[in-house]
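Novice: Input file: data26.txt. Contents: compact mmCIF, C-alpha atoms and all ligand atoms.
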# COMPACT_ATOMS: atom_id res chain seq x y z
CA MET R 378 80.60 15.10 14.38
CA SER R 379 84.39 15.42 14.25
CA PHE R 380 87.05 15.03 16.95
CA ASN R 381 87.83 18.76 16.51
CA SER R 382 84.43 19.75 17.83
CA LEU R 383 84.90 17.79 21.06
CA GLY R 384 87.34 20.35 22.44
CA LEU R 385 90.35 18.05 22.72
CA SER R 386 93.85 19.55 22.60
CA GLN R 387 95.90 19.76 19.40
CA ALA R 388 98.37 17.19 20.74
CA LEU R 389 95.54 14.70 21.22
CA LEU R 390 94.03 15.45 17.81
CA LYS R 391 97.43 14.75 16.29
CA ALA R 392 97.61 11.35 18.04
CA ILE R 393 94.03 10.54 17.00
CA SER R 394 94.77 11.36 13.40
CA LYS R 395 97.95 9.27 13.55
CA LYS R 396 95.76 6.33 14.65
CA GLY R 397 93.66 6.94 11.55
CA TYR R 398 90.42 7.75 13.36
CA THR R 399 88.29 10.27 11.51
CA THR R 400 85.01 10.31 13.42
CA PRO R 401 84.37 9.73 17.10
CA SER R 402 82.40 6.53 17.75
CA PRO R 403 78.95 6.92 19.40
CA ILE R 404 80.30 6.19 22.89
CA GLN R 405 83.10 8.70 22.35
CA GLN R 406 80.62 11.35 21.20
CA LYS R 407 78.51 10.79 24.27
CA ALA R 408 81.14 10.19 26.95
CA ILE R 409 83.91 12.66 26.08
CA PRO R 410 81.98 15.94 26.67
CA PRO R 411 80.74 15.16 30.21
CA ILE R 412 84.13 13.71 31.18
CA LEU R 413 85.81 16.90 29.97
CA GLU R 414 83.38 18.85 32.15
CA GLY R 415 84.68 16.92 35.14
CA LYS R 416 81.49 14.95 35.70
CA ASP R 417 81.23 11.38 36.92
CA VAL R 418 80.12 9.09 34.10
CA LEU R 419 78.45 5.70 34.02
CA ALA R 420 78.82 4.30 30.53
CA SER R 421 77.32 1.21 29.01
CA ALA R 422 79.63 0.11 26.23
CA GLN R 423 80.85 -3.18 24.91
CA THR R 424 84.40 -3.88 23.89
CA GLY R 425 84.81 -2.88 20.27
CA THR R 426 82.82 0.34 20.54
CA GLY R 427 85.90 2.52 21.08
CA LYS R 428 85.27 2.87 24.81
CA THR R 429 88.97 2.94 25.71
CA ALA R 430 89.55 6.14 23.75
CA GLY R 431 86.22 7.32 25.17
CA PHE R 432 87.71 7.63 28.64
CA THR R 433 91.42 7.90 27.84
CA LEU R 434 91.25 10.97 25.58
CA PRO R 435 89.42 13.29 28.00
CA LEU R 436 91.50 11.95 30.89
CA LEU R 437 94.72 12.82 29.08
CA HIS R 438 93.29 16.18 28.09
CA PHE R 439 92.52 17.05 31.71
CA LEU R 440 95.90 15.94 33.07
CA SER R 441 97.92 17.76 30.42
CA GLU R 442 95.89 20.97 30.67
CA ASN R 443 96.21 20.96 34.47
CA PRO R 444 99.84 20.04 35.10
CA LYS R 445 101.06 19.29 38.62
CA GLU R 446 104.41 19.49 40.35
CA LYS R 447 107.47 17.85 38.87
CA TYR R 448 107.71 14.80 41.13
CA ARG R 449 104.57 13.37 39.54
CA PRO R 450 102.18 11.75 41.98
CA ILE R 451 99.89 9.20 40.30
CA ARG R 452 96.88 11.30 39.26
CA ALA R 453 94.80 8.85 37.23
CA LEU R 454 94.08 5.20 37.93
CA ILE R 455 92.53 2.88 35.35
CA LEU R 456 91.48 -0.42 36.91
CA THR R 457 90.83 -3.39 34.62
CA PRO R 458 89.85 -6.97 35.42
CA THR R 459 92.45 -8.82 33.36
CA ARG R 460 96.11 -8.60 32.43
CA GLU R 461 95.34 -8.57 28.74
CA LEU R 462 92.94 -5.68 29.04
CA ALA R 463 95.40 -3.78 31.24
CA ALA R 464 98.13 -4.24 28.61
CA GLN R 465 95.75 -3.20 25.85
CA VAL R 466 94.50 -0.08 27.64
CA TYR R 467 98.08 0.87 28.48
CA ALA R 468 99.08 0.52 24.81
CA ASN R 469 96.25 2.92 23.94
CA VAL R 470 97.25 5.38 26.68
CA LYS R 471 100.81 5.39 25.31
CA GLU R 472 99.63 6.00 21.75
CA TYR R 473 97.20 8.78 22.62
CA SER R 474 99.71 10.52 24.92
CA GLU R 475 102.56 10.40 22.40
CA PHE R 476 102.60 14.19 21.96
CA LEU R 477 101.92 15.04 25.61
CA ASN R 478 104.26 15.47 28.53
CA LEU R 479 102.65 12.67 30.53
CA ARG R 480 104.06 9.41 31.81
CA SER R 481 102.18 6.18 32.32
CA ALA R 482 102.76 2.63 33.54
CA VAL R 483 100.93 -0.68 33.65
CA ILE R 484 101.04 -3.23 36.45
CA PHE R 485 99.52 -6.71 36.66
CA GLY R 486 100.26 -10.04 38.30
CA GLY R 487 101.98 -13.09 36.87
CA VAL R 488 105.20 -11.22 36.11
CA ASN R 489 108.08 -9.86 38.20
CA GLN R 490 107.04 -6.78 40.16
CA LYS R 491 110.52 -5.18 40.21
CA PRO R 492 110.46 -3.46 36.79
CA GLN R 493 106.90 -2.26 37.52
CA ALA R 494 107.94 -0.78 40.88
CA ALA R 495 111.02 0.82 39.28
CA THR R 496 108.90 2.59 36.62
CA ILE R 497 106.50 3.88 39.27
CA ARG R 498 109.38 5.15 41.41
CA GLN R 499 110.53 7.39 38.55
CA GLY R 500 107.18 9.20 38.68
CA ILE R 501 104.11 8.55 36.55
CA ASP R 502 100.87 10.42 35.96
CA ILE R 503 98.66 7.55 34.84
CA LEU R 504 98.58 4.00 36.18
CA VAL R 505 96.76 1.13 34.48
CA ALA R 506 96.39 -1.81 36.85
CA THR R 507 94.65 -5.03 37.76
CA PRO R 508 93.35 -5.04 41.35
CA GLY R 509 95.57 -7.74 42.90
CA ARG R 510 98.95 -6.34 41.86
CA LEU R 511 97.82 -2.79 42.60
CA LEU R 512 96.92 -3.60 46.21
CA ASP R 513 100.06 -5.68 46.54
CA LEU R 514 102.37 -2.83 45.56
CA GLU R 515 100.37 -0.34 47.59
CA ASN R 516 100.64 -2.53 50.68
CA GLN R 517 104.39 -2.72 50.20
CA GLY R 518 104.51 1.07 50.11
CA LEU R 519 105.72 1.04 46.50
CA LEU R 520 102.95 3.29 45.25
CA SER R 521 100.39 5.68 46.64
CA LEU R 522 96.84 6.39 45.51
CA LYS R 523 96.45 9.44 47.76
CA ARG R 524 96.69 11.91 44.90
CA ILE R 525 94.31 10.24 42.43
CA GLU R 526 92.12 12.79 40.65
CA ILE R 527 90.47 10.51 38.09
CA PHE R 528 89.46 6.90 38.70
CA VAL R 529 88.34 4.68 35.82
CA LEU R 530 86.72 1.32 36.48
CA ASP R 531 86.82 -0.52 33.17
CA GLU R 532 84.66 -3.57 32.44
CA ALA R 533 83.01 -3.26 35.83
CA ASP R 534 80.67 -6.16 35.15
CA ARG R 535 83.60 -8.48 34.60
CA MET R 536 85.23 -7.17 37.76
CA LEU R 537 82.21 -8.31 39.74
CA ASP R 538 82.06 -11.64 37.90
CA MET R 539 85.66 -12.28 38.86
CA GLY R 540 84.96 -11.58 42.51
CA PHE R 541 86.88 -8.30 42.68
CA LEU R 542 84.22 -6.36 44.61
CA ARG R 543 86.20 -6.46 47.87
CA ASP R 544 89.39 -5.40 46.10
CA ILE R 545 87.59 -2.49 44.42
CA GLU R 546 86.32 -1.37 47.82
CA ARG R 547 89.85 -1.55 49.23
CA VAL R 548 91.23 0.48 46.33
CA ILE R 549 88.55 3.13 46.78
CA LYS R 550 89.43 3.56 50.46
CA LYS R 551 93.01 4.37 49.48
CA MET R 552 92.02 7.22 47.14
CA PRO R 553 91.00 10.74 48.14
CA GLU R 554 87.24 11.25 48.34
CA ARG R 555 87.26 14.17 45.95
CA ARG R 556 87.93 12.72 42.54
CA GLN R 557 86.25 12.14 39.20
CA ASN R 558 84.89 8.63 38.68
CA LEU R 559 84.23 6.91 35.37
CA MET R 560 82.67 3.50 35.19
CA PHE R 561 82.37 1.40 32.03
CA SER R 562 80.42 -1.81 31.74
CA ALA R 563 79.16 -3.94 28.86
CA THR R 564 76.13 -5.11 30.80
CA PHE R 565 74.03 -3.27 33.36
CA SER R 566 72.88 -5.73 36.00
CA LYS R 567 71.41 -4.80 39.37
CA ASP R 568 74.81 -5.49 40.97
CA ILE R 569 76.48 -3.04 38.59
CA LYS R 570 73.92 -0.37 39.35
CA LYS R 571 74.52 -0.92 43.08
CA LEU R 572 78.28 -0.66 42.64
CA ALA R 573 77.85 2.50 40.56
CA HIS R 574 75.68 4.01 43.26
CA GLY R 575 78.47 3.45 45.80
CA ILE R 576 81.23 4.95 43.67
CA LEU R 577 79.78 7.64 41.42
CA HIS R 578 78.41 11.05 42.41
CA HIS R 579 75.45 12.25 40.34
CA PRO R 580 76.76 10.44 37.27
CA VAL R 581 75.87 11.29 33.72
CA GLN R 582 74.64 8.03 32.18
CA VAL R 583 75.66 7.32 28.61
CA GLU R 584 74.90 4.33 26.44
CA ALA R 585 76.43 3.25 23.15
CA THR R 586 74.23 0.23 22.63
CA PRO R 587 70.95 -0.67 24.26
CA GLU R 588 71.29 -2.64 27.49
CA ASN R 589 72.27 -6.27 27.08
CA THR R 590 71.87 -6.41 23.34
CA THR R 591 74.37 -7.56 20.79
CA VAL R 592 75.98 -5.33 18.21
CA ASP R 593 73.91 -5.14 15.01
CA ALA R 594 76.92 -5.60 12.76
CA ILE R 595 77.30 -9.18 13.99
CA SER R 596 75.45 -11.91 12.18
CA GLN R 597 74.68 -14.70 14.61
CA LYS R 598 73.82 -18.31 13.91
CA VAL R 599 73.39 -21.53 15.86
CA TYR R 600 74.39 -24.94 14.53
CA ARG R 601 72.48 -27.67 16.32
CA VAL R 602 74.86 -30.63 16.43
CA ALA R 603 75.51 -33.85 18.34
CA LYS R 604 78.08 -33.26 21.07
CA GLY R 605 80.46 -35.88 19.69
CA LEU R 606 80.43 -34.26 16.23
CA LYS R 607 81.37 -30.75 17.30
CA THR R 608 85.09 -31.12 16.67
CA SER R 609 84.65 -32.42 13.14
CA LEU R 610 82.03 -29.75 12.42
CA ILE R 611 84.23 -26.88 13.56
CA ILE R 612 87.14 -28.22 11.52
CA LYS R 613 84.85 -28.50 8.49
CA LEU R 614 83.51 -24.94 8.92
CA ILE R 615 86.99 -23.44 9.25
CA SER R 616 88.46 -25.52 6.39
CA ASP R 617 85.53 -25.15 3.96
CA GLY R 618 85.27 -21.43 4.60
CA ASN R 619 89.06 -21.11 4.41
CA TRP R 620 88.83 -18.84 7.47
CA LYS R 621 92.13 -17.31 8.39
CA GLN R 622 91.41 -15.75 11.78
CA VAL R 623 88.94 -17.46 14.06
CA LEU R 624 88.47 -16.97 17.78
CA VAL R 625 86.97 -20.09 19.38
CA PHE R 626 85.55 -20.22 22.87
CA THR R 627 85.45 -23.25 25.11
CA ARG R 628 84.08 -23.46 28.62
CA THR R 629 87.14 -25.02 30.24
CA LYS R 630 90.91 -24.82 30.05
CA HIS R 631 91.08 -28.55 29.46
CA GLY R 632 88.56 -28.23 26.63
CA ALA R 633 90.63 -25.43 25.08
CA ASN R 634 93.81 -27.54 25.12
CA LYS R 635 92.04 -30.58 23.71
CA LEU R 636 90.41 -28.69 20.86
CA CYS R 637 93.65 -26.91 20.06
CA LYS R 638 95.43 -30.28 19.66
CA LYS R 639 92.66 -31.56 17.38
CA MET R 640 92.96 -28.45 15.19
CA ILE R 641 96.70 -28.88 14.87
CA SER R 642 96.19 -32.58 13.92
CA ALA R 643 93.83 -31.36 11.20
CA ASN R 644 96.58 -29.04 9.89
CA ILE R 645 94.96 -25.88 11.16
CA SER R 646 97.46 -23.75 13.04
CA ALA R 647 96.06 -23.08 16.50
CA ALA R 648 97.00 -21.91 19.99
CA ALA R 649 95.14 -22.01 23.29
CA ILE R 650 94.94 -19.10 25.69
CA HIS R 651 93.72 -19.55 29.27
CA GLY R 652 94.61 -18.98 32.89
CA ASN R 653 97.07 -21.89 33.13
CA LYS R 654 99.23 -20.42 30.39
CA SER R 655 102.08 -18.14 31.40
CA GLN R 656 101.90 -14.48 30.50
CA GLY R 657 104.65 -15.09 27.94
CA ALA R 658 102.71 -17.92 26.29
CA ARG R 659 99.55 -15.82 26.14
CA THR R 660 101.36 -12.86 24.61
CA LYS R 661 103.04 -15.12 22.05
CA ALA R 662 99.75 -16.81 21.10
CA LEU R 663 98.03 -13.46 20.69
CA ALA R 664 100.88 -12.04 18.62
CA GLY R 665 100.79 -15.10 16.34
CA PHE R 666 97.04 -14.76 15.98
CA LYS R 667 97.32 -11.08 15.11
CA ASN R 668 100.09 -11.52 12.56
CA GLY R 669 98.30 -14.39 10.84
CA SER R 670 100.69 -17.23 11.68
CA ILE R 671 98.01 -18.76 13.92
CA ARG R 672 94.60 -19.23 12.33
CA VAL R 673 92.65 -20.33 15.36
CA LEU R 674 92.89 -19.00 18.88
CA VAL R 675 91.03 -21.18 21.36
CA ALA R 676 90.20 -19.26 24.50
CA THR R 677 88.29 -19.43 27.75
CA ASP R 678 86.12 -16.46 28.69
CA ILE R 679 88.43 -14.76 31.14
CA ALA R 680 91.54 -15.15 29.00
CA ALA R 681 89.78 -13.56 26.06
CA ARG R 682 88.70 -10.45 27.91
CA GLY R 683 90.34 -7.32 26.69
CA LEU R 684 91.91 -8.85 23.60
CA ASP R 685 92.06 -6.17 20.98
CA ILE R 686 91.96 -7.87 17.62
CA PRO R 687 90.88 -5.36 15.00
CA LEU R 688 88.31 -6.49 12.45
CA LEU R 689 88.09 -10.06 13.74
CA PRO R 690 85.84 -11.77 11.20
CA HIS R 691 84.81 -14.99 12.99
CA VAL R 692 83.93 -15.97 16.51
CA ILE R 693 82.80 -19.53 17.23
CA ASN R 694 81.31 -20.72 20.47
CA PHE R 695 82.47 -24.33 20.55
CA GLU R 696 80.43 -24.50 23.74
CA LEU R 697 77.91 -21.95 24.90
CA PRO R 698 78.77 -20.13 28.10
CA ASN R 699 76.56 -21.01 31.05
CA ILE R 700 76.56 -17.35 32.02
CA SER R 701 74.40 -15.60 29.44
CA GLU R 702 76.25 -12.27 29.71
CA ASP R 703 79.46 -14.02 28.62
CA TYR R 704 77.85 -14.64 25.23
CA VAL R 705 77.55 -10.89 24.70
CA HIS R 706 81.20 -10.44 25.67
CA ARG R 707 82.34 -13.28 23.44
CA ILE R 708 80.62 -12.14 20.29
CA GLY R 709 81.72 -8.56 21.00
CA ARG R 710 85.10 -9.76 19.68
CA THR R 711 83.74 -9.55 16.16
CA GLY R 712 82.06 -6.72 14.26
CA ARG R 713 84.38 -4.28 15.99
CA ALA R 714 84.34 -0.55 15.22
CA GLY R 715 81.79 -0.89 12.46
CA ALA R 716 83.21 -3.95 10.66
CA LYS R 717 80.94 -6.91 9.78
CA GLY R 718 81.46 -10.03 11.83
CA GLU R 719 80.06 -13.50 12.19
CA ALA R 720 79.37 -15.28 15.47
CA LEU R 721 78.53 -18.97 15.29
CA SER R 722 77.56 -21.27 18.12
CA LEU R 723 77.77 -25.06 18.08
CA VAL R 724 74.97 -26.16 20.37
CA SER R 725 74.36 -29.69 21.61
CA ALA R 726 71.21 -30.85 23.38
CA ASP R 727 72.63 -30.35 26.87
CA GLU R 728 73.20 -26.66 26.12
CA THR R 729 69.56 -25.97 25.33
CA THR R 730 69.00 -24.21 28.66
CA TYR R 731 72.00 -21.95 28.07
CA LEU R 732 70.75 -21.10 24.59
CA ARG R 733 67.33 -20.10 25.95
CA GLY R 734 68.99 -17.97 28.63
CA ILE R 735 71.08 -16.16 26.02
CA GLU R 736 68.09 -15.58 23.74
CA LYS R 737 66.18 -14.15 26.66
CA LEU R 738 69.04 -11.82 27.59
CA ILE R 739 69.57 -10.48 24.08
CA ASP R 740 65.83 -10.55 23.43
CA MET R 741 66.23 -12.27 20.12
CA LYS R 742 65.77 -15.77 18.74
CA LEU R 743 68.96 -16.96 17.08
CA PRO R 744 68.61 -18.56 13.63
CA VAL R 745 69.29 -22.29 13.73
CA GLU R 746 70.91 -24.43 11.03
CA ILE R 747 71.64 -28.14 10.86
CA ILE R 748 74.36 -29.41 8.53
CA GLU R 749 73.92 -32.76 6.84
CA GLY R 750 76.10 -35.37 8.46
CA PHE R 751 76.37 -33.30 11.65
CA GLU R 752 72.81 -33.61 12.91
CA PRO R 753 71.96 -33.27 16.60
CA ASP R 754 71.34 -36.47 18.56
CA PRO R 755 67.53 -36.73 19.05
CA ASN R 756 68.00 -39.01 22.06
CA ALA R 757 70.52 -36.84 23.91
CA SER R 758 69.50 -35.38 27.24
CA THR R 759 68.81 -31.66 27.40
CA VAL R 760 69.91 -31.52 31.03
CA PRO R 761 73.08 -29.42 31.34
CA GLU R 762 76.17 -31.60 31.45
CA LYS R 763 77.16 -30.66 34.97
CA LYS R 764 73.86 -31.87 36.33
CA GLN R 765 74.22 -35.16 34.48
CA GLN R 766 77.58 -35.84 36.11
CA ARG R 767 76.73 -35.16 39.74
CA GLY R 768 79.90 -34.29 41.55
CA GLY R 769 81.91 -35.02 38.45
CA GLY R 770 83.62 -32.55 36.11
CA ASN R 771 86.05 -29.85 37.10
CA ARG R 772 83.76 -26.90 36.84
CA SER R 773 81.11 -25.87 39.29
CA ARG R 774 79.83 -22.59 37.91
CA GLY R 775 76.34 -22.55 39.38
CA HIS R 776 73.33 -22.61 37.15
CA SER R 777 69.88 -22.32 38.56
CA GLY R 778 67.78 -23.17 35.50
CA SER R 779 66.04 -26.53 35.62
CA GLY R 780 66.92 -27.27 32.01
CA LYS R 781 64.51 -30.16 31.55
CA SER R 782 62.75 -30.38 28.24
CA LYS R 783 61.32 -32.79 25.77
CA SER R 784 63.49 -34.23 23.03
CA GLY R 785 64.71 -31.70 20.51
CA GLY R 786 64.83 -29.13 23.26
CA GLN R 787 62.73 -26.53 21.47
CA LYS R 788 60.23 -26.25 24.31
CA SER R 789 62.64 -26.11 27.18
CA ASN R 790 62.07 -23.87 30.18
CA HIS R 791 63.64 -20.46 30.08
CA SER R 792 66.72 -20.47 32.24
CA ARG R 793 66.73 -18.12 35.14
CA ARG R 794 69.58 -15.65 35.41
CA PRO R 795 72.57 -17.69 36.60
CA LYS R 796 73.47 -17.38 40.23
CA ARG R 797 76.66 -15.42 40.88
CA SER R 798 77.99 -17.93 43.35
CA ARG R 799 81.35 -17.93 45.06
CA ASP R 800 82.10 -21.15 43.17
CA ARG R 801 81.61 -19.36 39.92
CA ARG R 802 83.82 -16.45 40.84
CA ASN R 803 86.55 -18.78 42.01
CA ASN R 804 86.34 -20.69 38.78
CA ASP R 805 86.54 -17.47 36.82
CA ARG R 806 89.66 -16.41 38.69
CA ARG R 807 91.33 -19.61 37.63
CA ASN R 808 90.22 -19.39 34.02
P1 LIG E 1 87.74 -0.55 22.26
O1 LIG E 1 86.25 -0.67 22.32
O2 LIG E 1 88.26 0.55 23.10
O3 LIG E 1 88.39 -1.89 22.56
O4 LIG E 1 88.15 -0.17 20.75
C1 LIG E 1 87.90 -1.03 19.69
C2 LIG E 1 88.73 -0.74 18.47
O5 LIG E 1 88.25 0.44 17.81
C3 LIG E 1 90.21 -0.50 18.74
O6 LIG E 1 90.94 -1.24 17.77
C4 LIG E 1 90.40 0.99 18.54
O7 LIG E 1 91.70 1.27 18.07
C5 LIG E 1 89.34 1.31 17.50
N1 LIG E 1 88.79 2.68 17.59
C6 LIG E 1 88.55 3.40 18.70
N2 LIG E 1 88.01 4.60 18.41
C7 LIG E 1 87.90 4.64 17.07
C8 LIG E 1 87.41 5.64 16.14
N3 LIG E 1 86.92 6.81 16.55
N4 LIG E 1 87.45 5.34 14.82
C9 LIG E 1 87.93 4.15 14.40
N5 LIG E 1 88.41 3.19 15.21
C10 LIG E 1 88.39 3.42 16.53
Represent the structure of the file as structure tokens.

Specialist:
Amino acid sequence: MSFNSLGLSQALLKAISKKGYTTPSPIQQKAIPPILEGKDVLASAQTGTGKTAGFTLPLLHFLSENPKEKYRPIRALILTPTRELAAQVYANVKEYSEFLNLRSAVIFGGVNQKPQAATIRQGIDILVATPGRLLDLENQGLLSLKRIEIFVLDEADRMLDMGFLRDIERVIKKMPERRQNLMFSATFSKDIKKLAHGILHHPVQVEATPENTTVDAISQKVYRVAKGLKTSLIIKLISDGNWKQVLVFTRTKHGANKLCKKMISANISAAAIHGNKSQGARTKALAGFKNGSIRVLVATDIAARGLDIPLLPHVINFELPNISEDYVHRIGRTGRAGAKGEALSLVSADETTYLRGIEKLIDMKLPVEIIEGFEPDPNASTVPEKKQQRGGGNRSRGHSGSGKSKSGGQKSNHSRRPKRSRDRRNNDRRN
């Protein structure tokens, strides 16, 4: 199938060809036709599948083919959970609309609102926003959602994880009832289905990858290792492999900073990216990572959402996430748009429960390797760390699995799906 056969305008085809795309990705093939027909769409697609163009192209097509009055009310709203994703989606909107007479803007928190409000005042057709700043500006009367015709909820699962449900409901109340709704989510939990039911009208359901499975192009491996040896192992893997662009995930901001320092001491250029970093620092770190001056980007889950790093070859989980779905998001950073990628996880005994939870979610047993000199500690407890340090630690993301197992951890109980507690959402917000 070619982009020509999808019925997109010449101006859009020109922008697509300028981007170098030749064939629509599976999600684009499936989502673009019903969106062009004006239908509500519920799409299951991970980052890296081309989902952004999947909703942006038909949205731009509709707006440009059905122009409105000159003063330009905001006609399309794209809501994203994080600043990075908002910036990334906006960059795509700009590129795809290069040859169209449409104006767009992006708004998110953490930066001065004045330039954002000034751009909106001049009249825009498309607004990309994170929920907090959007409601903030709306409450101040600096923008109106009364003329929205198309509403896109991107990474809906992450929105819920971050505790944005209330904000989404508030945003919806401010839009007209008659509008087209598009909802994209990497995972399809019960909560997502419930949210979809409340927003979408007779949606067409499209899927790029089977529910909750990882992209085939990613080769996944687990290194069982003693907790205290993880830092030296990761440095060895990156140095021996001479890897030039590695995205590393840690569970906490503190952990990200600490690992980043260790990398730098080992002469590996690195930067950390998490919620305590200013927007400027995050942008700088990401730019350095993209242009090759930074080899290792150490990130927490939330900070990494929406990062668009083409053809990222290596993702390493320095620690496994305690939320199984986060694993799918993390490794979705590699193997993007058909390229081969490698996702490695360094797993210590206390993460055994998380590993089982992930394997259950993706319905696959991950191959395990042990490197000589970096063996796991046979005497280490398999109880998750948080439970070992009752009341200690700075994270309280709830986990309901019992996690007890015999030494070696191979026969541990399957973890139950982690509880989406308020604690967890609050932690995520801060990430
Ligand atoms: P996304 O899933 O929207 O984050 O897109 C992932 C990456 O795929 C981005 O770098 C896009 O520029 C790229 N991409 C999107 N659509 C296509 C396509 N049809 N052909 C090749 N690359 C694409």

Novice: Excluding Asp417 of chain R and its own-chain neighbours fewer than 5 positions away, which residues fall within 8 Å of it when counting all atoms listed in the file? Please give them as an mmCIF file with C-alpha atoms, in the frame of the given file.

Specialist:
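Produced file out-v4.cif, reproduced below:
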data_model
loop_
_atom_site.group_PDB
_atom_site.id
_atom_site.type_symbol
_atom_site.label_atom_id
_atom_site.label_comp_id
_atom_site.auth_asym_id
_atom_site.auth_seq_id
_atom_site.Cartn_x
_atom_site.Cartn_y
_atom_site.Cartn_z
ATOM 1 C CA PRO R 411 80.740 15.160 30.210
ATOM 2 C CA ILE R 412 84.130 13.710 31.180
ATOM 3 C CA GLN R 557 86.250 12.140 39.200
ATOM 4 C CA ASN R 558 84.890 8.630 38.680
ATOM 5 C CA LEU R 559 84.230 6.910 35.370
ATOM 6 C CA LEU R 577 79.780 7.640 41.420
ATOM 7 C CA HIS R 578 78.410 11.050 42.410
ATOM 8 C CA HIS R 579 75.450 12.250 40.340
ATOM 9 C CA PRO R 580 76.760 10.440 37.270
ATOM 10 C CA VAL R 581 75.870 11.290 33.720
#

Novice: What does the distance between atom CA of Thr426 of chain R and atom CA of Arg480 of chain R come to in Å, to one decimal place?

Specialist: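 Computing the Euclidean distance for atom CA of Thr426 of chain R and atom CA of Arg480 of chain R yields 25.7 Å.
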
Novice: Give me the residues near Ser562 of chain R as JSON, numbers by chain, where near means some atom within 7 Å (using only C-alpha atoms) and where sequence neighbours in that chain fewer than 5 positions away do not count.

Specialist: {"R": [420, 421, 422, 423, 531, 532, 533, 534]}

Novice: For atom CA of Leu419 of chain R and atom CA of Lys570 of chain R, quote the distance in Å rounded to one decimal.

Specialist: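 Atom-to-atom, atom CA of Leu419 of chain R and atom CA of Lys570 of chain R are spaced 9.3 Å apart.
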
Novice: Which residue gives the smallest distance to ligand LIG 1 (chain E) among R:Leu454, R:Lys638, R:Gln582, R:His706, with all atoms listed in the file counted?

Specialist: R:His706

Novice: Which distance in Å separates atom CA of Phe439 of chain R and atom CA of Leu413 of chain R, to one decimal?

Specialist: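 Computed distance, atom CA of Phe439 of chain R to atom CA of Leu413 of chain R, equals 6.9 Å.
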